[in-house]
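Heads up, target30.pdb below (PDB, C-alpha atoms and all ligand atoms):
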```
ATOM      1  CA  MET A   1       0.000   0.000   0.000
ATOM      2  CA  ILE A   2       1.088   3.572  -0.621
ATOM      3  CA  TYR A   3       0.388   6.699   1.441
ATOM      4  CA  ASN A   4      -0.072   4.812   4.708
ATOM      5  CA  THR A   5       3.038   5.692   6.771
ATOM      6  CA  LEU A   6       3.772   8.542   4.348
ATOM      7  CA  ALA A   7       0.319  10.012   5.054
ATOM      8  CA  HIS A   8       1.455  10.948   8.554
ATOM      9  CA  TYR A   9       4.557  12.750   7.244
ATOM     10  CA  TYR A  10       3.222  14.049   3.908
ATOM     11  CA  ASP A  11       2.694  17.640   5.065
ATOM     12  CA  ALA A  12       6.080  17.718   6.802
ATOM     13  CA  LEU A  13       7.705  16.693   3.509
ATOM     14  CA  VAL A  14       5.799  18.735   0.932
ATOM     15  CA  LYS A  15       3.382  21.252   2.499
ATOM     16  CA  ASP A  16       3.990  24.695   0.994
ATOM     17  CA  ASP A  17       1.529  27.534   1.683
ATOM     18  CA  GLN A  18       2.830  29.614  -1.227
ATOM     19  CA  ALA A  19       2.282  26.701  -3.611
ATOM     20  CA  THR A  20      -1.245  26.195  -2.196
ATOM     21  CA  SER A  21      -1.987  29.846  -3.049
ATOM     22  CA  ALA A  22      -0.624  29.337  -6.575
ATOM     23  CA  TRP A  23      -2.916  26.302  -7.000
ATOM     24  CA  TYR A  24      -5.856  28.305  -5.676
ATOM     25  CA  ASP A  25      -5.184  31.153  -8.128
ATOM     26  CA  TRP A  26      -4.747  28.798 -11.073
ATOM     27  CA  ILE A  27      -8.017  26.979 -10.253
ATOM     28  CA  HIS A  28      -9.795  30.339 -10.163
ATOM     29  CA  THR A  29      -8.699  31.289 -13.663
ATOM     30  CA  VAL A  30     -12.038  29.654 -14.589
ATOM     31  CA  LYS A  31     -15.448  29.852 -12.886
ATOM     32  CA  ILE A  32     -15.439  26.593 -10.984
ATOM     33  CA  GLY A  33     -18.932  27.047  -9.536
ATOM     34  CA  SER A  34     -20.044  25.887  -6.110
ATOM     35  CA  SER A  35     -20.094  22.090  -6.309
ATOM     36  CA  ILE A  36     -16.690  20.471  -6.590
ATOM     37  CA  LEU A  37     -15.329  16.929  -6.561
ATOM     38  CA  GLU A  38     -11.659  16.570  -5.744
ATOM     39  CA  LEU A  39     -10.035  13.295  -6.749
ATOM     40  CA  ALA A  40      -6.975  12.126  -4.782
ATOM     41  CA  CYS A  41      -7.315  15.005  -2.309
ATOM     42  CA  GLY A  42      -4.465  13.762  -0.104
ATOM     43  CA  SER A  43      -4.089  15.650   3.163
ATOM     44  CA  GLY A  44      -6.586  18.271   1.971
ATOM     45  CA  GLU A  45      -4.448  21.415   1.963
ATOM     46  CA  ILE A  46      -5.839  22.786  -1.325
ATOM     47  CA  THR A  47      -9.273  21.379  -0.467
ATOM     48  CA  ARG A  48      -9.451  23.454   2.734
ATOM     49  CA  ARG A  49      -8.323  26.580   0.955
ATOM     50  CA  LEU A  50     -11.088  26.158  -1.650
ATOM     51  CA  ALA A  51     -13.697  25.364   1.024
ATOM     52  CA  GLN A  52     -13.040  28.701   2.748
ATOM     53  CA  ASP A  53     -15.086  30.307  -0.067
ATOM     54  CA  GLY A  54     -18.178  28.381   1.010
ATOM     55  CA  VAL A  55     -18.230  25.991  -1.966
ATOM     56  CA  HIS A  56     -19.448  22.428  -1.474
ATOM     57  CA  ILE A  57     -16.586  19.936  -1.840
ATOM     58  CA  ASP A  58     -16.693  16.149  -1.980
ATOM     59  CA  ALA A  59     -13.116  14.913  -1.686
ATOM     60  CA  LEU A  60     -11.907  11.346  -2.067
ATOM     61  CA  ASP A  61      -8.591   9.572  -1.735
ATOM     62  CA  LEU A  62      -7.555   5.923  -2.023
ATOM     63  CA  SER A  63      -5.589   6.139   1.215
ATOM     64  CA  GLU A  64      -7.619   5.907   4.436
ATOM     65  CA  GLU A  65      -4.656   7.420   6.270
ATOM     66  CA  MET A  66      -4.565  10.483   3.995
ATOM     67  CA  ILE A  67      -8.306  10.972   4.530
ATOM     68  CA  ALA A  68      -7.797  10.683   8.309
ATOM     69  CA  GLU A  69      -5.041  13.348   8.142
ATOM     70  CA  ALA A  70      -7.298  15.652   6.098
ATOM     71  CA  LYS A  71     -10.313  15.164   8.389
ATOM     72  CA  GLN A  72      -8.466  16.081  11.565
ATOM     73  CA  LYS A  73      -7.532  19.542  10.250
ATOM     74  CA  GLN A  74      -9.222  22.716  11.376
ATOM     75  CA  ASP A  75     -12.105  23.908   9.163
ATOM     76  CA  SER A  76     -12.496  20.484   7.539
ATOM     77  CA  GLN A  77     -16.037  19.878   8.855
ATOM     78  CA  SER A  78     -17.683  21.458   5.840
ATOM     79  CA  ILE A  79     -15.829  19.138   3.432
ATOM     80  CA  HIS A  80     -17.225  15.684   2.664
ATOM     81  CA  TYR A  81     -14.108  13.500   2.768
ATOM     82  CA  PHE A  82     -14.292   9.827   1.924
ATOM     83  CA  THR A  83     -12.043   6.937   0.976
ATOM     84  CA  GLY A  84     -12.448   5.944  -2.646
ATOM     85  CA  ASN A  85     -10.776   5.114  -5.926
ATOM     86  CA  MET A  86     -10.854   7.821  -8.594
ATOM     87  CA  LEU A  87     -11.427   5.058 -11.153
ATOM     88  CA  ASP A  88     -14.802   4.258  -9.607
ATOM     89  CA  LEU A  89     -17.042   7.300  -9.253
ATOM     90  CA  LYS A  90     -20.396   5.533  -9.306
ATOM     91  CA  GLU A  91     -21.301   6.781  -5.804
ATOM     92  CA  CYS A  92     -20.593  10.379  -6.838
ATOM     93  CA  GLY A  93     -23.105  12.951  -8.074
ATOM     94  CA  GLN A  94     -22.826  15.773 -10.600
ATOM     95  CA  TYR A  95     -20.334  18.601 -10.167
ATOM     96  CA  GLU A  96     -19.557  21.955 -11.732
ATOM     97  CA  ALA A  97     -15.834  21.206 -11.414
ATOM     98  CA  ILE A  98     -13.709  18.112 -10.857
ATOM     99  CA  LEU A  99     -10.090  18.486  -9.725
ATOM    100  CA  CYS A 100      -7.152  16.093  -9.569
ATOM    101  CA  LEU A 101      -4.063  17.920  -8.329
ATOM    102  CA  CYS A 102      -0.351  17.525  -7.621
ATOM    103  CA  ASP A 103       0.509  14.798 -10.120
ATOM    104  CA  SER A 104      -2.065  12.407  -8.605
ATOM    105  CA  ILE A 105      -3.174  11.442 -12.098
ATOM    106  CA  ASN A 106       0.289  10.000 -12.731
ATOM    107  CA  TYR A 107      -0.585   7.192 -10.314
ATOM    108  CA  ILE A 108      -2.856   5.828 -13.052
ATOM    109  CA  LEU A 109      -0.444   3.415 -14.724
ATOM    110  CA  ASP A 110      -2.598   1.848 -17.426
ATOM    111  CA  PRO A 111      -3.501   4.160 -20.357
ATOM    112  CA  ASP A 112      -6.894   2.412 -20.655
ATOM    113  CA  ASP A 113      -7.589   3.277 -17.006
ATOM    114  CA  LEU A 114      -6.759   6.902 -17.722
ATOM    115  CA  ILE A 115      -9.236   6.942 -20.618
ATOM    116  CA  HIS A 116     -11.777   5.305 -18.280
ATOM    117  CA  LEU A 117     -11.108   8.093 -15.740
ATOM    118  CA  PHE A 118     -11.782  10.756 -18.382
ATOM    119  CA  ARG A 119     -15.051   8.985 -19.264
ATOM    120  CA  GLU A 120     -16.053   8.875 -15.574
ATOM    121  CA  VAL A 121     -15.171  12.541 -15.072
ATOM    122  CA  ASP A 122     -17.194  13.497 -18.148
ATOM    123  CA  ALA A 123     -20.187  11.543 -16.806
ATOM    124  CA  HIS A 124     -20.029  13.386 -13.465
ATOM    125  CA  LEU A 125     -19.580  16.917 -14.792
ATOM    126  CA  SER A 126     -22.626  19.081 -15.157
ATOM    127  CA  ASP A 127     -23.102  20.997 -18.438
ATOM    128  CA  SER A 128     -20.016  23.095 -19.284
ATOM    129  CA  GLY A 129     -18.304  21.849 -16.119
ATOM    130  CA  TYR A 130     -14.529  21.999 -15.833
ATOM    131  CA  PHE A 131     -11.951  19.291 -15.180
ATOM    132  CA  LEU A 132      -8.636  20.633 -13.887
ATOM    133  CA  PHE A 133      -5.573  18.469 -13.356
ATOM    134  CA  ASP A 134      -1.805  18.494 -13.656
ATOM    135  CA  THR A 135       0.771  15.903 -14.625
ATOM    136  CA  HIS A 136       4.490  15.425 -14.276
ATOM    137  CA  SER A 137       6.302  16.823 -17.315
ATOM    138  CA  LEU A 138       8.526  14.906 -19.714
ATOM    139  CA  ASP A 139      11.443  16.882 -18.253
ATOM    140  CA  ARG A 140      10.904  15.099 -14.932
ATOM    141  CA  LEU A 141      11.761  11.826 -16.692
ATOM    142  CA  GLU A 142      15.046  13.368 -17.839
ATOM    143  CA  GLU A 143      15.770  14.950 -14.466
ATOM    144  CA  PHE A 144      15.332  11.714 -12.521
ATOM    145  CA  GLN A 145      17.544   9.692 -14.865
ATOM    146  CA  GLU A 146      19.967  10.715 -12.177
ATOM    147  CA  GLU A 147      18.682   9.409  -8.855
ATOM    148  CA  PHE A 148      17.479  12.040  -6.364
ATOM    149  CA  ASN A 149      18.112  11.252  -2.694
ATOM    150  CA  GLU A 150      16.965  13.046   0.419
ATOM    151  CA  THR A 151      17.401  12.062   4.049
ATOM    152  CA  GLY A 152      16.127  13.801   7.142
ATOM    153  CA  GLU A 153      14.447  13.573  10.507
ATOM    154  CA  PHE A 154      10.906  14.504  11.474
ATOM    155  CA  GLU A 155       9.951  16.323  14.676
ATOM    156  CA  ASP A 156       9.007  13.013  16.343
ATOM    157  CA  GLY A 157      12.537  11.689  15.824
ATOM    158  CA  VAL A 158      11.656   9.323  12.944
ATOM    159  CA  GLN A 159      14.344   9.407  10.258
ATOM    160  CA  TYR A 160      13.563   8.949   6.580
ATOM    161  CA  GLN A 161      15.139   8.300   3.212
ATOM    162  CA  TRP A 162      13.416   9.373   0.001
ATOM    163  CA  SER A 163      14.729   8.455  -3.405
ATOM    164  CA  ILE A 164      13.336   9.212  -6.853
ATOM    165  CA  MET A 165      14.441   7.782 -10.160
ATOM    166  CA  ALA A 166      13.011   7.497 -13.652
ATOM    167  CA  GLU A 167      13.169   4.845 -16.318
ATOM    168  CA  ASP A 168      11.296   4.810 -19.618
ATOM    169  CA  ASP A 169       7.892   6.460 -18.932
ATOM    170  CA  PHE A 170       7.922   5.764 -15.207
ATOM    171  CA  ILE A 171       8.961   7.607 -12.062
ATOM    172  CA  TYR A 172       9.804   5.422  -9.055
ATOM    173  CA  GLN A 173       9.791   6.839  -5.540
ATOM    174  CA  ASP A 174      11.024   4.875  -2.525
ATOM    175  CA  PHE A 175      10.441   5.950   1.037
ATOM    176  CA  ALA A 176      11.931   4.353   4.160
ATOM    177  CA  PHE A 177      10.860   5.449   7.644
ATOM    178  CA  TYR A 178      13.078   4.378  10.558
ATOM    179  CA  LYS A 179      10.728   4.169  13.529
ATOM    180  CA  LEU A 180      11.924   4.689  17.080
ATOM    181  CA  ASP A 181      11.038   1.089  18.008
ATOM    182  CA  GLY A 182      13.642  -0.125  15.487
ATOM    183  CA  THR A 183      11.189  -1.112  12.735
ATOM    184  CA  ILE A 184      11.517   0.212   9.198
ATOM    185  CA  GLN A 185       8.446   1.028   7.115
ATOM    186  CA  GLN A 186       8.826   1.303   3.369
ATOM    187  CA  GLU A 187       6.708   2.496   0.479
ATOM    188  CA  HIS A 188       7.363   2.027  -3.205
ATOM    189  CA  HIS A 189       5.446   4.382  -5.520
ATOM    190  CA  ILE A 190       5.184   4.156  -9.294
ATOM    191  CA  GLN A 191       3.886   6.953 -11.497
ATOM    192  CA  ARG A 192       3.542   7.057 -15.261
ATOM    193  CA  VAL A 193       4.318  10.149 -17.318
ATOM    194  CA  TYR A 194       2.063  10.445 -20.360
ATOM    195  CA  GLU A 195       3.228  11.924 -23.623
ATOM    196  CA  PRO A 196       1.334  15.235 -24.106
ATOM    197  CA  THR A 197       0.298  14.648 -27.743
ATOM    198  CA  TRP A 198      -1.287  11.310 -26.834
ATOM    199  CA  LEU A 199      -2.890  12.844 -23.752
ATOM    200  CA  HIS A 200      -4.405  15.703 -25.776
ATOM    201  CA  GLU A 201      -5.885  13.255 -28.276
ATOM    202  CA  GLN A 202      -7.544  11.298 -25.472
ATOM    203  CA  LEU A 203      -8.826  14.440 -23.750
ATOM    204  CA  GLU A 204     -10.351  15.720 -26.973
ATOM    205  CA  ARG A 205     -12.517  12.593 -27.201
ATOM    206  CA  PHE A 206     -14.427  13.856 -24.151
ATOM    207  CA  PHE A 207     -13.660  17.511 -23.527
ATOM    208  CA  THR A 208     -12.839  20.858 -25.076
ATOM    209  CA  ILE A 209      -9.319  21.872 -24.115
ATOM    210  CA  VAL A 210      -9.505  25.346 -22.547
ATOM    211  CA  ASP A 211      -5.948  25.918 -21.372
ATOM    212  CA  ILE A 212      -2.668  24.075 -21.099
ATOM    213  CA  ARG A 213       0.286  25.582 -19.317
ATOM    214  CA  THR A 214       3.574  24.623 -17.740
ATOM    215  CA  ASP A 215       4.414  25.471 -14.136
ATOM    216  CA  PHE A 216       1.405  27.802 -13.732
ATOM    217  CA  ASP A 217       2.770  30.689 -15.796
ATOM    218  CA  GLN A 218       4.035  29.455 -19.184
ATOM    219  CA  GLU A 219       1.509  28.914 -21.948
ATOM    220  CA  GLY A 220       1.444  25.494 -23.576
ATOM    221  CA  ILE A 221       3.900  22.648 -23.173
ATOM    222  CA  GLN A 222       7.304  24.077 -22.260
ATOM    223  CA  SER A 223      10.342  23.071 -20.232
ATOM    224  CA  GLY A 224       9.351  22.709 -16.611
ATOM    225  CA  GLU A 225       8.145  20.369 -13.894
ATOM    226  CA  LYS A 226       4.391  20.114 -14.393
ATOM    227  CA  TYR A 227       1.817  20.541 -17.125
ATOM    228  CA  PHE A 228      -1.526  22.063 -16.072
ATOM    229  CA  TYR A 229      -4.716  21.218 -17.932
ATOM    230  CA  ILE A 230      -8.102  22.913 -17.875
ATOM    231  CA  VAL A 231     -10.684  21.145 -20.001
ATOM    232  CA  GLN A 232     -14.437  21.605 -20.254
ATOM    233  CA  LYS A 233     -17.312  19.235 -20.796
ATOM    234  CA  LYS A 234     -18.401  19.462 -24.411
ATOM    235  CA  GLY A 235     -21.749  21.100 -25.106
ATOM    236  CA  LYS A 236     -24.627  18.803 -26.065
ATOM    237  CA  GLU A 237     -24.535  19.989 -29.696
ATOM    238  CA  GLN A 238     -20.855  18.964 -30.104
TER     239      GLN A 238
HETATM  240  C1  LIG A 301       1.024  13.427  -4.611
HETATM  241  S1  LIG A 301      -0.382  13.081  -3.594
HETATM  242  C2  LIG A 301      -1.357  14.517  -3.946
HETATM  243  C3  LIG A 301      -2.385  14.770  -2.901
HETATM  244  C4  LIG A 301      -3.210  16.050  -3.060
HETATM  245  N1  LIG A 301      -3.906  16.109  -4.334
HETATM  246  C5  LIG A 301      -2.396  17.305  -2.866
HETATM  247  O1  LIG A 301      -2.712  18.280  -3.539
HETATM  248  O2  LIG A 301      -1.482  17.342  -2.038
HETATM  249  C6  LIG A 301      -1.178  11.807  -4.533
HETATM  250  C7  LIG A 301      -2.456  11.275  -3.897
HETATM  251  O3  LIG A 301      -3.093  10.412  -4.859
HETATM  252  C8  LIG A 301      -3.786   9.407  -4.140
HETATM  253  N2  LIG A 301      -4.143   8.339  -5.082
HETATM  254  C9  LIG A 301      -3.321   7.579  -5.834
HETATM  255  N3  LIG A 301      -4.035   6.736  -6.602
HETATM  256  C10 LIG A 301      -5.349   7.000  -6.349
HETATM  257  C11 LIG A 301      -6.590   6.475  -6.848
HETATM  258  N4  LIG A 301      -6.610   5.499  -7.768
HETATM  259  N5  LIG A 301      -7.746   6.983  -6.371
HETATM  260  C12 LIG A 301      -7.739   7.969  -5.432
HETATM  261  N6  LIG A 301      -6.606   8.491  -4.913
HETATM  262  C13 LIG A 301      -5.427   8.021  -5.380
HETATM  263  C14 LIG A 301      -2.787   9.033  -3.059
HETATM  264  O4  LIG A 301      -3.363   8.291  -2.016
HETATM  265  C15 LIG A 301      -2.271  10.412  -2.654
HETATM  266  O5  LIG A 301      -3.004  10.960  -1.585
END
```
Render the structure in this file as structure tokens.
Ligand SMILES: C[S@@+](CC[C@H](N)C(=O)[O-])C[C@H]1O[C@@H](n2cnc3c(N)ncnc32)[C@H](O)[C@@H]1O
Amino acid sequence: MIYNTLAHYYDALVKDDQATSAWYDWIHTVKIGSSILELACGSGEITRRLAQDGVHIDALDLSEEMIAEAKQKQDSQSIHYFTGNMLDLKECGQYEAILCLCDSINYILDPDDLIHLFREVDAHLSDSGYFLFDTHSLDRLEEFQEEFNETGEFEDGVQYQWSIMAEDDFIYQDFAFYKLDGTIQQEHHIQRVYEPTWLHEQLERFFTIVDIRTDFDQEGIQSGEKYFYIVQKKGKEQ
């Protein structure tokens, strides 16, 4: 399983209030409306920021531990958090916007599953609703040809090792947590990086592409870390 031990330390590793504001601003470049579904919401940092505007948010994540972390945060009572797989949205209703943020979509490893996800999202968007997501860029595959390694210690004294490497279309992340009782907990994550031209073709089967940018501020596919997509449900006449 992934994001079980990591769930507890996720914010300590990656939480960044400035980045949360950048996400918030990017999301609000379109009118997202007042009913939102967030897929793979993680520890709910962006979710909470969006909820402060009084919008209704249903937020799911595959990891029970991530959902538990999100639920225990201040101001989370108005958000409907639940454990669920973004590939199975049959319990979900209709939304004016569906979000999938911070390279969560790269956890979908099978291209057919990704197409299935787009079909599910389309089915759960109300007329003209928006789907916003981001992916790792192709440059990340280049960057992690050389292994990245980080070690450190959390406030509770648990030490960790985090390594990232890439091969072919895949990014592999390994986490080791050295608990104070002498046990070691490990997680092995795999993400797939999709080629933008292929991705655009698949998106266009379901949606109208509204905006694609790199790292929030560059238009189109450029050098950078992440590609950001805003697509819209096609009108009935299309
Ligand atoms: C990099 S974290 C991003 C979390 C959050 N979106 C954020 O902004 O910080 C990726 C998240 O994707 C979730 N995830 C991976 N595969 C999933 C799936 N099939 N369905 C739902 N969540 C999934 C993980 O549990 C994890 O919380």
- Query: Excluding same-chain residues fewer than 3 positions from Tyr172 (chain A), what lies within 8 Å of it counting only C-alpha atoms, as JSON, numbers by chain?
  - Reply: {"A": [164, 165, 166, 188, 189, 190, 191]}
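Among the candidate residues A:Ser43, A:Thr208, A:Gln52, A:Ser128, the one lying nearest to Lys73 (chain A) is A:Ser43, with distances computed using only C-alpha atoms.
With CA of Ile171 (chain A) on one side and CA of Gly42 (chain A) on the other, the separation reads 19.0 Å.
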- Query: the PyMOL selection byres (((not hetatm)) within 10 of (chain A and resi 301)) on the file shown: which residues, as a ChimeraX atom specification?
  - Reply: /A:1-4,6-7,10-11,14-16,19-20,23,38-47,59-67,70,83-89,99-109,113,117,133-134,189-191
- Message: Using all atoms listed in the file for the distances, tell me which of A:Ile184, A:Ala123, A:Ile230, A:Ala51 is nearest to Ser35 (chain A).
- Response: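 Closest to Ser35 (chain A) of all the choices is A:Ala51.
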Distance cut-off 8 Å, centre (3.6, 23.0, -17.6) in file coordinates, counting only C-alpha atoms: which residues qualify? Return them as a PDB file with C-alpha atoms, in the coordinates of the input.
```pdb
ATOM      1  CA  SER A 137       6.302  16.823 -17.315  1.00  0.00           C
ATOM      2  CA  ILE A 212      -2.668  24.075 -21.099  1.00  0.00           C
ATOM      3  CA  ARG A 213       0.286  25.582 -19.317  1.00  0.00           C
ATOM      4  CA  THR A 214       3.574  24.623 -17.740  1.00  0.00           C
ATOM      5  CA  ASP A 215       4.414  25.471 -14.136  1.00  0.00           C
ATOM      6  CA  PHE A 216       1.405  27.802 -13.732  1.00  0.00           C
ATOM      7  CA  ASP A 217       2.770  30.689 -15.796  1.00  0.00           C
ATOM      8  CA  GLN A 218       4.035  29.455 -19.184  1.00  0.00           C
ATOM      9  CA  GLU A 219       1.509  28.914 -21.948  1.00  0.00           C
ATOM     10  CA  GLY A 220       1.444  25.494 -23.576  1.00  0.00           C
ATOM     11  CA  ILE A 221       3.900  22.648 -23.173  1.00  0.00           C
ATOM     12  CA  GLN A 222       7.304  24.077 -22.260  1.00  0.00           C
ATOM     13  CA  SER A 223      10.342  23.071 -20.232  1.00  0.00           C
ATOM     14  CA  GLY A 224       9.351  22.709 -16.611  1.00  0.00           C
ATOM     15  CA  GLU A 225       8.145  20.369 -13.894  1.00  0.00           C
ATOM     16  CA  LYS A 226       4.391  20.114 -14.393  1.00  0.00           C
ATOM     17  CA  TYR A 227       1.817  20.541 -17.125  1.00  0.00           C
ATOM     18  CA  PHE A 228      -1.526  22.063 -16.072  1.00  0.00           C
TER      19      PHE A 228
END
```
- Hey, what's within 10 Å of Asp168 (chain A) if we count only C-alpha atoms and toss same-chain stuff fewer than 5 positions away? As number ranges by chain, please? A: 141-142, 145, 192-193
- Message: Which residues would end up in the selection if the PyMOL selection byres (((chain A and resi 28) around 12) and not hetatm) were applied here, given that I need the answer as a PyMOL selection string?
- Response: chain A and resi 21-27+29-34+49-50+53+97+99+130+132+230
- Task: Name the residues captured by the PyMOL selection byres (((chain A and resi 127) around 12) and not hetatm) when it is applied to the shown file; answer as a list in words.
- Result: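 Listing what the PyMOL selection byres (((chain A and resi 127) around 12) and not hetatm) selects in the shown file: Gly33, Gln94, Tyr95, Glu96, Ala97, Asp122, Ala123, His124, Leu125, Ser126, Ser128, Gly129, Tyr130, Phe131, Phe207, Gln232, Lys233, Lys234, Gly235, Lys236 and Glu237 of chain A.
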- Message: From the options A:Asp181, A:Glu120, A:Glu195, A:Glu187, which residue's atoms come nearest to Ser163 (chain A), counting all atoms listed in the file?
- Response: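 For Ser163 (chain A), the nearest of the given residues is A:Glu187.
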- Message: Would you compute the distance between CA of Phe154 (chain A) and CA of Gln77 (chain A)? Give it in Å to one decimal.
- Response: 27.6 Å
- Item | Among listed residues A:Leu13, A:Val121, A:Ile79, A:Leu138, nearest Tyr194 (chain A) (using all atoms listed in the file) |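 Nearest candidate to Tyr194 (chain A) out of A:Leu13, A:Val121, A:Ile79, A:Leu138: A:Leu138.
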- Message: Taking all atoms listed in the file into account, name the residue in A:Tyr81, A:Tyr229, A:Tyr178, A:Phe118 that is nearest to Phe206 (chain A).
- Response: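 That would be A:Phe118, the residue with the smallest distance to Phe206 (chain A).
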Please complete region 217-229 of chain A with N, CA and C atoms and give it back as a PDB file, in the frame of the given file.
```
ATOM      1  N   ASP A 217       2.700  29.395 -15.116  1.00  0.00           N
ATOM      2  CA  ASP A 217       2.770  30.689 -15.796  1.00  0.00           C
ATOM      3  C   ASP A 217       3.230  30.656 -17.249  1.00  0.00           C
ATOM      4  N   GLN A 218       3.604  29.487 -17.774  1.00  0.00           N
ATOM      5  CA  GLN A 218       4.035  29.455 -19.184  1.00  0.00           C
ATOM      6  C   GLN A 218       2.952  28.812 -20.032  1.00  0.00           C
ATOM      7  N   GLU A 219       2.575  29.466 -21.096  1.00  0.00           N
ATOM      8  CA  GLU A 219       1.509  28.914 -21.948  1.00  0.00           C
ATOM      9  C   GLU A 219       1.987  27.701 -22.712  1.00  0.00           C
ATOM     10  N   GLY A 220       1.148  26.682 -22.776  1.00  0.00           N
ATOM     11  CA  GLY A 220       1.444  25.494 -23.576  1.00  0.00           C
ATOM     12  C   GLY A 220       2.432  24.566 -22.898  1.00  0.00           C
ATOM     13  N   ILE A 221       2.931  23.629 -23.684  1.00  0.00           N
ATOM     14  CA  ILE A 221       3.900  22.648 -23.173  1.00  0.00           C
ATOM     15  C   ILE A 221       5.297  23.227 -23.365  1.00  0.00           C
ATOM     16  N   GLN A 222       5.969  23.465 -22.249  1.00  0.00           N
ATOM     17  CA  GLN A 222       7.304  24.077 -22.260  1.00  0.00           C
ATOM     18  C   GLN A 222       8.211  23.247 -21.364  1.00  0.00           C
ATOM     19  N   SER A 223       9.456  23.715 -21.208  1.00  0.00           N
ATOM     20  CA  SER A 223      10.342  23.071 -20.232  1.00  0.00           C
ATOM     21  C   SER A 223       9.829  23.412 -18.841  1.00  0.00           C
ATOM     22  N   GLY A 224       9.821  22.441 -17.965  1.00  0.00           N
ATOM     23  CA  GLY A 224       9.351  22.709 -16.611  1.00  0.00           C
ATOM     24  C   GLY A 224       9.018  21.415 -15.904  1.00  0.00           C
ATOM     25  N   GLU A 225       8.392  21.549 -14.728  1.00  0.00           N
ATOM     26  CA  GLU A 225       8.145  20.369 -13.894  1.00  0.00           C
ATOM     27  C   GLU A 225       6.766  19.759 -14.096  1.00  0.00           C
ATOM     28  N   LYS A 226       5.770  20.632 -14.307  1.00  0.00           N
ATOM     29  CA  LYS A 226       4.391  20.114 -14.393  1.00  0.00           C
ATOM     30  C   LYS A 226       3.625  20.781 -15.525  1.00  0.00           C
ATOM     31  N   TYR A 227       2.750  19.996 -16.149  1.00  0.00           N
ATOM     32  CA  TYR A 227       1.817  20.541 -17.125  1.00  0.00           C
ATOM     33  C   TYR A 227       0.439  20.660 -16.444  1.00  0.00           C
ATOM     34  N   PHE A 228      -0.222  21.782 -16.699  1.00  0.00           N
ATOM     35  CA  PHE A 228      -1.526  22.063 -16.072  1.00  0.00           C
ATOM     36  C   PHE A 228      -2.601  22.104 -17.142  1.00  0.00           C
ATOM     37  N   TYR A 229      -3.653  21.335 -16.936  1.00  0.00           N
ATOM     38  CA  TYR A 229      -4.716  21.218 -17.932  1.00  0.00           C
ATOM     39  C   TYR A 229      -6.042  21.725 -17.369  1.00  0.00           C
TER      40      TYR A 229
END
```
